[in-house]
Amino acid sequence: MGTYIIRRLIWAAVMLTIVSIITFAIFFLVPRLAGATPESLASRYVGRTATAEQVKDAAEQLGFNDPLIVQYGRFAKGIVLGADYNYGPSVEHCPAPCFGYSFLTRLPVWPDLLDRLPVTMSLAIGAAVIWLIAGVATGVLSALKPGSVFDRAAMGIALAGVSLPIFFTGIVSLVVFSYGHPFRITAPGGSFTPFSENPAQWAYNLILPWITLAFLYAAGYARLTRAGMLETMNEDYIRTARAKGLSERVVVVKHGLRGALTPIVTIFGLDFGLLLGGAVLTESTYSLPGIGKYAIDAITNQDLPKVMGVTLVAAFFVVLANLIVDLLYAVVDPRVRLG
Amino acid sequence: MTAPMDVTGGDTHATPEAVVGASGGKAIQGRSLGQIAWMRLKRDKVALTGGLIVVFLILVAVFAPVIVGAFGQDPTQFNSDLIDSSTMAPKTGTGISAEHLFGIEPVNGRDIFSRVVYGARISLLIAFLATLLSAAIGTLLGVTAGYFGGVVDSIISKAMDVFLAFPILVFAMALAGTVPDSAFGLTGDALRVALLVFIIGFFNWPYIGRIVRGQTLSLREREFVDAARSLGARGPYIIFRELLPNLVAPILVYATLLIPTNILFEAALSFLGVGVRPPTPTWGGMLSDAVRFYTIPHFMFFPGMAIFITVLAFNLFGDGLRDALDPKAR
């Protein structure tokens with residue numbers, strides 16, 4: 001078990017390094033291929049009124065003239081160890097993990113990202129609870145009576161659910177339940193209250209995004225659970241369980257669902273990790289100030305350090321979620337850690 | 001690879017509409033897997049409906065100029081005279097009339113029908129090309145990994161893991177956002193389309209790659225491959241003549257199911273403002289414009305429904321195709 005965990009941890013670190021290299025290469029190579037010079041990159045740091053001389057100095061100071069490998073080394077070192085920035089007379093220390101300073105606000109990227117995290121986490125956790133319960137329950141009920149009216153209705157809705165873009169359902173939900181008068185249940189988007197401050201207000205502000213986001217995922221999970229359940233309920237061990245005289249509930253939940261859960265756990269890890277790295281579309285639709293909104297703003301402003309930071313943090317969550325899923329498997333299923 | 005239940009032909013079953021000869025008959029000889037699949041698909045009315053809608057949408061995209069010429073007007077033409085200058089809304093509320101079947105946009109009064117019809121071009125073009133790219137890369141690397149195994153397999157499999165760890169949407173946004181308006185010898189819409197095809201296609205290949213790899217792994221051990229090898233066949237021959245023909249079905253199914261995902265992806269990027277640039281009409285772009293005018297619901301309704309119907313039709317058809325080609329997968 002110990003060696004398995006270590007192996008998995010090393011691979012996770014390697015994966016993050018590869019992602020960071022590719023991200024760095026693309027974001028610094030693509031602008032260059034498209035014609036950006038060290039000066040034009042540096043000019044973003046010094047403002048519009050700077051003289052050519054100042055821009056040149058800044059480019060030198062920020063190291064934009066160095067080879068890409070050297071620049072990447074500095075970037076990676078900043079993340080692991082922190083970095084010192086030399087702004088004229090004063091030296092500023094940027095503690096690890098240092099993703100550099102925003103082109104626009106001159107503030108370090110990492111604390112900004114940390115501020116956004118609670119919003120995205122609240123959104124993701126709330127939605128995940130709803131979609132897991134709704135999706136898995138619907139899938140199980142559908143699979144128990146395939147072809148029934150319930151099954152067909154549920155699968156029809158689920159198919160519609162996976163076919164609707166969230167930015168469409170999101171806007172419609174806002175029009176019907178928020179801006180519109182007749183069914184008003186929540187305040188228009190853009191407001192987030194921390195859970196620690198006022199849990200009721202927190203939930204009230206998030207209920208619409210939760211349900212919209214959960215609907216999309218629940219649809220997919222219902223389809224997946226149904227397929228898995230149909231398969232496991234035909235297994236021999238289900239017949240054995242029934243022959244033992246176990247109640248149908250125990251057979252379905254303890255024996256059937258358990259066997260069908262494996263792929264759902266895998267997908268859930270990936271989905272949840274991706275969401276933590278920014279529910280871009282949901283946050284944009286409901287104007288929630290989370291990591292996804294941060295990413296959009298960073299990209300709109302062409303703020304490269306922010307873009308790099310948010311991409312890597314998002315990748316970190318995916319890798320972390322996968323790692324946790326894999327380790328959980330190893331605990332549950334000994335074949336994994338030995339194989 | 002035969003299905004005994006179908007050998008007597010489809011005539012004894014509920015007979016669907018007379019589309020039998022249209023696309024099924026020609027390419028198929030004998031009782032091939034394709035013929036069996038077609039017979040199954042014919043009985044699946046839901047999938048057939050999805051397929052017909054798909055065909056209809058493709059025709060709409062191809063003949064967009066003709067359709068718009070007959071029922072609409074140029075999608076970028078302003079109709080300021082139909083706009084109430086104080087509220088910026090259409091004077092009649094929606095502006096729906098014989099000239100403007102879906103009404104007009106607020107502010108500048110562009111014809112929504114024409115924009116939705118032209119939007120189908122961008123949406124389908126990007127989704128098809130990106131799927132093609134994904135399928136090509138996924139098949140190439142999937143077969144290579146599955147057939148050669150060992151180090152090659154573990155490198156390719158790890159690469160798939162890395163790709164799946166990328167926050168694709170954030171990454172695609174960033175990439176589409178950092179490329180200026182003219183680069184790589186392309187400008188305007190051509191550049192944006194090429195860029196989106198590359199981004200969407202390039203990051204989605206592991207989905208097909210994994211499936212192809214898995215199928216190759218199991219096919220490799222089959223007797224007909226052993227037979228070919230014992231007759232002296234080598235790698236390329238076995239891959240192209242023995243393995244690939246058996247991989248066509250799963251590749252076709254998962255490519256079909258990837259198209260709706262890619263349509264949603266393109267719409268999302270356009271919605272976020274990093275897709276094909278205005279004034280070229282895109283469904284996602286129209287929706288993002290419509291957000292500010294939520295009191296004028298017809299503006300968001302038509303592009304939203306266009307996305308929904310297109311994606312649903314592809315999903316229905318893709319599901320039907322999967323069930324027809326591989327009934328066990330259900």
# chains A, B, ... in the order shown; residues from 1 in each chain; ligands from 1
>>> interface_residues(of="chain A", to="chain B", cutoff="7 Å", atoms="only C-alpha atoms", output="PDB file with N, CA, C and O atoms, in the first residue's frame")
ATOM      1  N   MET A  15       2.750  14.698 -13.527  1.00  0.00           N
ATOM      2  CA  MET A  15       1.678  15.167 -14.394  1.00  0.00           C
ATOM      3  C   MET A  15       1.522  16.683 -14.294  1.00  0.00           C
ATOM      4  O   MET A  15       1.374  17.367 -15.314  1.00  0.00           O
ATOM      5  N   VAL A  19       1.935  19.377 -17.253  1.00  0.00           N
ATOM      6  CA  VAL A  19       0.883  20.350 -17.574  1.00  0.00           C
ATOM      7  C   VAL A  19       1.454  21.766 -17.510  1.00  0.00           C
ATOM      8  O   VAL A  19       1.191  22.601 -18.383  1.00  0.00           O
ATOM      9  N   PRO A  31       2.084  33.605 -28.402  1.00  0.00           N
ATOM     10  CA  PRO A  31       2.189  35.049 -28.674  1.00  0.00           C
ATOM     11  C   PRO A  31       3.428  35.374 -29.498  1.00  0.00           C
ATOM     12  O   PRO A  31       3.404  36.244 -30.360  1.00  0.00           O
ATOM     13  N   ALA A  34       2.954  34.491 -32.968  1.00  0.00           N
ATOM     14  CA  ALA A  34       1.986  35.426 -33.550  1.00  0.00           C
ATOM     15  C   ALA A  34       2.556  36.841 -33.617  1.00  0.00           C
ATOM     16  O   ALA A  34       1.845  37.769 -33.983  1.00  0.00           O
ATOM     17  N   ALA A 160     -32.585  15.229 -22.678  1.00  0.00           N
ATOM     18  CA  ALA A 160     -32.732  16.667 -22.893  1.00  0.00           C
ATOM     19  C   ALA A 160     -31.731  17.414 -22.011  1.00  0.00           C
ATOM     20  O   ALA A 160     -31.122  18.389 -22.445  1.00  0.00           O
ATOM     21  N   SER A 163     -28.371  17.645 -23.345  1.00  0.00           N
ATOM     22  CA  SER A 163     -28.322  18.369 -24.619  1.00  0.00           C
ATOM     23  C   SER A 163     -28.497  19.875 -24.451  1.00  0.00           C
ATOM     24  O   SER A 163     -28.419  20.614 -25.423  1.00  0.00           O
ATOM     25  N   LEU A 164     -28.773  20.315 -23.229  1.00  0.00           N
ATOM     26  CA  LEU A 164     -28.995  21.750 -23.018  1.00  0.00           C
ATOM     27  C   LEU A 164     -27.721  22.412 -22.511  1.00  0.00           C
ATOM     28  O   LEU A 164     -27.151  21.963 -21.527  1.00  0.00           O
ATOM     29  N   PRO A 165     -27.280  23.461 -23.181  1.00  0.00           N
ATOM     30  CA  PRO A 165     -26.109  24.162 -22.667  1.00  0.00           C
ATOM     31  C   PRO A 165     -26.476  24.918 -21.387  1.00  0.00           C
ATOM     32  O   PRO A 165     -27.559  25.496 -21.307  1.00  0.00           O
ATOM     33  N   PHE A 168     -27.677  28.447 -21.487  1.00  0.00           N
ATOM     34  CA  PHE A 168     -29.062  28.679 -21.911  1.00  0.00           C
ATOM     35  C   PHE A 168     -30.028  28.417 -20.752  1.00  0.00           C
ATOM     36  O   PHE A 168     -30.833  29.284 -20.401  1.00  0.00           O
ATOM     37  N   ILE A 171     -29.706  31.187 -18.149  1.00  0.00           N
ATOM     38  CA  ILE A 171     -30.369  32.462 -18.434  1.00  0.00           C
ATOM     39  C   ILE A 171     -31.872  32.306 -18.267  1.00  0.00           C
ATOM     40  O   ILE A 171     -32.534  33.151 -17.665  1.00  0.00           O
ATOM     41  N   VAL A 175     -34.362  34.358 -15.824  1.00  0.00           N
ATOM     42  CA  VAL A 175     -35.520  35.125 -16.285  1.00  0.00           C
ATOM     43  C   VAL A 175     -36.779  34.684 -15.532  1.00  0.00           C
ATOM     44  O   VAL A 175     -37.574  35.504 -15.086  1.00  0.00           O
ATOM     45  N   ALA A 227     -27.324   2.442 -16.889  1.00  0.00           N
ATOM     46  CA  ALA A 227     -26.575   1.468 -17.685  1.00  0.00           C
ATOM     47  C   ALA A 227     -25.833   0.491 -16.777  1.00  0.00           C
ATOM     48  O   ALA A 227     -25.857  -0.727 -16.983  1.00  0.00           O
ATOM     49  N   LEU A 274     -12.707  19.084 -12.149  1.00  0.00           N
ATOM     50  CA  LEU A 274     -12.838  20.104 -13.188  1.00  0.00           C
ATOM     51  C   LEU A 274     -13.660  21.290 -12.691  1.00  0.00           C
ATOM     52  O   LEU A 274     -13.344  22.442 -12.976  1.00  0.00           O
ATOM     53  N   ALA A 295     -10.933  33.458 -14.310  1.00  0.00           N
ATOM     54  CA  ALA A 295     -10.291  33.029 -15.557  1.00  0.00           C
ATOM     55  C   ALA A 295     -10.788  33.865 -16.728  1.00  0.00           C
ATOM     56  O   ALA A 295      -9.994  34.324 -17.557  1.00  0.00           O
ATOM     57  N   ILE A 299      -8.528  36.358 -19.014  1.00  0.00           N
ATOM     58  CA  ILE A 299      -8.368  36.166 -20.454  1.00  0.00           C
ATOM     59  C   ILE A 299      -8.830  37.403 -21.216  1.00  0.00           C
ATOM     60  O   ILE A 299      -8.192  37.837 -22.167  1.00  0.00           O
ATOM     61  N   GLN A 302      -6.203  39.802 -21.136  1.00  0.00           N
ATOM     62  CA  GLN A 302      -4.913  39.300 -21.625  1.00  0.00           C
ATOM     63  C   GLN A 302      -3.852  39.359 -20.531  1.00  0.00           C
ATOM     64  O   GLN A 302      -2.698  39.685 -20.776  1.00  0.00           O
ATOM     65  N   VAL A 307      -3.710  34.152 -16.132  1.00  0.00           N
ATOM     66  CA  VAL A 307      -4.151  33.021 -16.945  1.00  0.00           C
ATOM     67  C   VAL A 307      -3.358  31.773 -16.588  1.00  0.00           C
ATOM     68  O   VAL A 307      -3.915  30.688 -16.386  1.00  0.00           O
ATOM     69  N   THR A 311      -4.955  28.409 -14.833  1.00  0.00           N
ATOM     70  CA  THR A 311      -4.879  27.132 -15.554  1.00  0.00           C
ATOM     71  C   THR A 311      -4.215  26.070 -14.686  1.00  0.00           C
ATOM     72  O   THR A 311      -4.680  24.933 -14.592  1.00  0.00           O
ATOM     73  N   ALA A 314      -6.408  25.015 -11.778  1.00  0.00           N
ATOM     74  CA  ALA A 314      -7.475  24.144 -12.268  1.00  0.00           C
ATOM     75  C   ALA A 314      -6.937  22.741 -12.526  1.00  0.00           C
ATOM     76  O   ALA A 314      -7.552  21.739 -12.134  1.00  0.00           O
ATOM     77  N   ALA A 315      -5.754  22.662 -13.170  1.00  0.00           N
ATOM     78  CA  ALA A 315      -5.155  21.352 -13.431  1.00  0.00           C
ATOM     79  C   ALA A 315      -4.831  20.645 -12.121  1.00  0.00           C
ATOM     80  O   ALA A 315      -5.017  19.429 -11.986  1.00  0.00           O
ATOM     81  N   VAL A 318      -7.844  18.842 -10.818  1.00  0.00           N
ATOM     82  CA  VAL A 318      -8.161  17.616 -11.561  1.00  0.00           C
ATOM     83  C   VAL A 318      -7.223  16.492 -11.126  1.00  0.00           C
ATOM     84  O   VAL A 318      -7.648  15.365 -10.837  1.00  0.00           O
ATOM     85  N   VAL A 319      -5.930  16.812 -11.067  1.00  0.00           N
ATOM     86  CA  VAL A 319      -4.949  15.804 -10.684  1.00  0.00           C
ATOM     87  C   VAL A 319      -5.216  15.326  -9.252  1.00  0.00           C
ATOM     88  O   VAL A 319      -5.193  14.124  -8.954  1.00  0.00           O
TER      89      VAL A 319
END
>>> select_by_dssp(residues="range 11-221 of chain B", states="alpha helix (DSSP H)", output="PyMOL selection string")
chain B and resi 20-23+33-43+45-62+64-71+112-148+150-165+168-178+188-220
>>> residues_around(residues="range 252-259 of chain A", least_positions_apart="3", cutoff="8 Å", atoms="only C-alpha atoms", output="number ranges by chain")
A: 140, 228-229, 232-233, 237-238, 241, 248-249, 262
>>> atom_distance(atom1="CA of Phe317 in chain A", atom2="CA of Leu276 in chain A")
6.4 Å
>>> residues_around(residues="Ala135 in chain B", least_positions_apart="4", cutoff="9 Å", atoms="only C-alpha atoms", output="list in words")
Ala130, Thr131, Thr139, Leu140, Gly201, Asn204, Trp205, Ile208, Gly209, Ile251, Leu252, Tyr254 and Ala255 of chain B
>>> residues_around(residues="Phe316 in chain A", least_positions_apart="4", cutoff="8 Å", atoms="only C-alpha atoms", output="list of chain:residue names")
A:Leu16, A:Gly277, A:Leu312, A:Leu320
>>> residues_around(residues="Ile324 in chain A", least_positions_apart="4", cutoff="12 Å", atoms="only C-alpha atoms", output="list in words")
Ile5, Arg8, Leu9, Ala12, Val265, Thr266, Phe268, Gly269, Leu270, Phe272, Gly273, Phe317, Val318, Val319, Leu320, Leu328, Tyr329, Ala330 and Val331 of chain A
>>> residues_around(residues="Phe63 in chain B", least_positions_apart="6", cutoff="10 Å", atoms="only C-alpha atoms", output="number ranges by chain")
B: 57, 69, 117-118, 121
>>> atom_distance(atom1="CA of Pro67 in chain A", atom2="CA of Val14 in chain A")
22.8 Å
>>> closest_residue(among="A:Gly290, A:Ile125, A:Ile296, A:Val325", to="Leu113 in chain A", atoms="only C-alpha atoms")
A:Gly290
>>> atom_distance(atom1="CA of Phe102 in chain B", atom2="CA of Val55 in chain B")
21.9 Å
>>> decode(residues="range 242-268 of chain B", atoms="N, CA and C atoms", output="PDB file, in the first residue's frame")
ATOM      1  N   GLU B 242      -6.679  -5.859 -40.954  1.00  0.00           N
ATOM      2  CA  GLU B 242      -7.347  -6.759 -40.015  1.00  0.00           C
ATOM      3  C   GLU B 242      -8.008  -5.991 -38.865  1.00  0.00           C
ATOM      4  N   LEU B 243      -7.298  -5.046 -38.290  1.00  0.00           N
ATOM      5  CA  LEU B 243      -7.825  -4.365 -37.097  1.00  0.00           C
ATOM      6  C   LEU B 243      -8.764  -3.219 -37.448  1.00  0.00           C
ATOM      7  N   LEU B 244      -8.317  -2.307 -38.315  1.00  0.00           N
ATOM      8  CA  LEU B 244      -9.114  -1.106 -38.589  1.00  0.00           C
ATOM      9  C   LEU B 244     -10.538  -1.397 -39.054  1.00  0.00           C
ATOM     10  N   PRO B 245     -10.738  -2.367 -39.989  1.00  0.00           N
ATOM     11  CA  PRO B 245     -12.130  -2.628 -40.404  1.00  0.00           C
ATOM     12  C   PRO B 245     -13.018  -2.993 -39.220  1.00  0.00           C
ATOM     13  N   ASN B 246     -12.458  -3.647 -38.220  1.00  0.00           N
ATOM     14  CA  ASN B 246     -13.255  -4.015 -37.061  1.00  0.00           C
ATOM     15  C   ASN B 246     -13.429  -2.863 -36.091  1.00  0.00           C
ATOM     16  N   LEU B 247     -12.634  -1.812 -36.278  1.00  0.00           N
ATOM     17  CA  LEU B 247     -12.726  -0.662 -35.378  1.00  0.00           C
ATOM     18  C   LEU B 247     -13.655   0.412 -35.928  1.00  0.00           C
ATOM     19  N   VAL B 248     -14.067   0.242 -37.197  1.00  0.00           N
ATOM     20  CA  VAL B 248     -14.890   1.287 -37.817  1.00  0.00           C
ATOM     21  C   VAL B 248     -16.156   1.547 -37.006  1.00  0.00           C
ATOM     22  N   ALA B 249     -16.813   0.463 -36.562  1.00  0.00           N
ATOM     23  CA  ALA B 249     -18.081   0.640 -35.852  1.00  0.00           C
ATOM     24  C   ALA B 249     -17.926   1.483 -34.574  1.00  0.00           C
ATOM     25  N   PRO B 250     -17.054   1.086 -33.637  1.00  0.00           N
ATOM     26  CA  PRO B 250     -16.931   1.925 -32.439  1.00  0.00           C
ATOM     27  C   PRO B 250     -16.462   3.350 -32.731  1.00  0.00           C
ATOM     28  N   ILE B 251     -15.549   3.503 -33.708  1.00  0.00           N
ATOM     29  CA  ILE B 251     -15.078   4.858 -34.021  1.00  0.00           C
ATOM     30  C   ILE B 251     -16.239   5.709 -34.524  1.00  0.00           C
ATOM     31  N   LEU B 252     -17.049   5.098 -35.412  1.00  0.00           N
ATOM     32  CA  LEU B 252     -18.195   5.823 -35.966  1.00  0.00           C
ATOM     33  C   LEU B 252     -19.158   6.237 -34.855  1.00  0.00           C
ATOM     34  N   VAL B 253     -19.437   5.311 -33.944  1.00  0.00           N
ATOM     35  CA  VAL B 253     -20.384   5.589 -32.868  1.00  0.00           C
ATOM     36  C   VAL B 253     -19.873   6.712 -31.975  1.00  0.00           C
ATOM     37  N   TYR B 254     -18.619   6.586 -31.526  1.00  0.00           N
ATOM     38  CA  TYR B 254     -18.140   7.583 -30.569  1.00  0.00           C
ATOM     39  C   TYR B 254     -17.831   8.912 -31.225  1.00  0.00           C
ATOM     40  N   ALA B 255     -17.507   8.876 -32.531  1.00  0.00           N
ATOM     41  CA  ALA B 255     -17.354  10.147 -33.244  1.00  0.00           C
ATOM     42  C   ALA B 255     -18.704  10.850 -33.331  1.00  0.00           C
ATOM     43  N   THR B 256     -19.748  10.064 -33.634  1.00  0.00           N
ATOM     44  CA  THR B 256     -21.091  10.661 -33.712  1.00  0.00           C
ATOM     45  C   THR B 256     -21.486  11.262 -32.367  1.00  0.00           C
ATOM     46  N   LEU B 257     -21.133  10.572 -31.288  1.00  0.00           N
ATOM     47  CA  LEU B 257     -21.488  11.090 -29.965  1.00  0.00           C
ATOM     48  C   LEU B 257     -20.585  12.238 -29.529  1.00  0.00           C
ATOM     49  N   LEU B 258     -19.438  12.377 -30.207  1.00  0.00           N
ATOM     50  CA  LEU B 258     -18.539  13.486 -29.868  1.00  0.00           C
ATOM     51  C   LEU B 258     -19.010  14.783 -30.527  1.00  0.00           C
ATOM     52  N   ILE B 259     -19.717  14.652 -31.657  1.00  0.00           N
ATOM     53  CA  ILE B 259     -20.170  15.847 -32.373  1.00  0.00           C
ATOM     54  C   ILE B 259     -21.019  16.760 -31.474  1.00  0.00           C
ATOM     55  N   PRO B 260     -22.061  16.234 -30.791  1.00  0.00           N
ATOM     56  CA  PRO B 260     -22.851  17.137 -29.935  1.00  0.00           C
ATOM     57  C   PRO B 260     -22.020  17.776 -28.828  1.00  0.00           C
ATOM     58  N   THR B 261     -21.072  17.027 -28.258  1.00  0.00           N
ATOM     59  CA  THR B 261     -20.188  17.612 -27.247  1.00  0.00           C
ATOM     60  C   THR B 261     -19.429  18.792 -27.827  1.00  0.00           C
ATOM     61  N   ASN B 262     -18.930  18.594 -29.059  1.00  0.00           N
ATOM     62  CA  ASN B 262     -18.164  19.656 -29.692  1.00  0.00           C
ATOM     63  C   ASN B 262     -19.040  20.851 -30.062  1.00  0.00           C
ATOM     64  N   ILE B 263     -20.298  20.586 -30.422  1.00  0.00           N
ATOM     65  CA  ILE B 263     -21.210  21.701 -30.713  1.00  0.00           C
ATOM     66  C   ILE B 263     -21.392  22.544 -29.457  1.00  0.00           C
ATOM     67  N   LEU B 264     -21.586  21.867 -28.323  1.00  0.00           N
ATOM     68  CA  LEU B 264     -21.737  22.594 -27.056  1.00  0.00           C
ATOM     69  C   LEU B 264     -20.453  23.350 -26.710  1.00  0.00           C
ATOM     70  N   PHE B 265     -19.323  22.726 -26.993  1.00  0.00           N
ATOM     71  CA  PHE B 265     -18.034  23.339 -26.706  1.00  0.00           C
ATOM     72  C   PHE B 265     -17.874  24.635 -27.511  1.00  0.00           C
ATOM     73  N   GLU B 266     -18.153  24.541 -28.809  1.00  0.00           N
ATOM     74  CA  GLU B 266     -18.028  25.726 -29.669  1.00  0.00           C
ATOM     75  C   GLU B 266     -18.989  26.810 -29.190  1.00  0.00           C
ATOM     76  N   ALA B 267     -20.231  26.399 -28.861  1.00  0.00           N
ATOM     77  CA  ALA B 267     -21.215  27.384 -28.404  1.00  0.00           C
ATOM     78  C   ALA B 267     -20.739  28.057 -27.123  1.00  0.00           C
ATOM     79  N   ALA B 268     -20.136  27.265 -26.225  1.00  0.00           N
ATOM     80  CA  ALA B 268     -19.647  27.823 -24.970  1.00  0.00           C
ATOM     81  C   ALA B 268     -18.550  28.849 -25.230  1.00  0.00           C
TER      82      ALA B 268
END
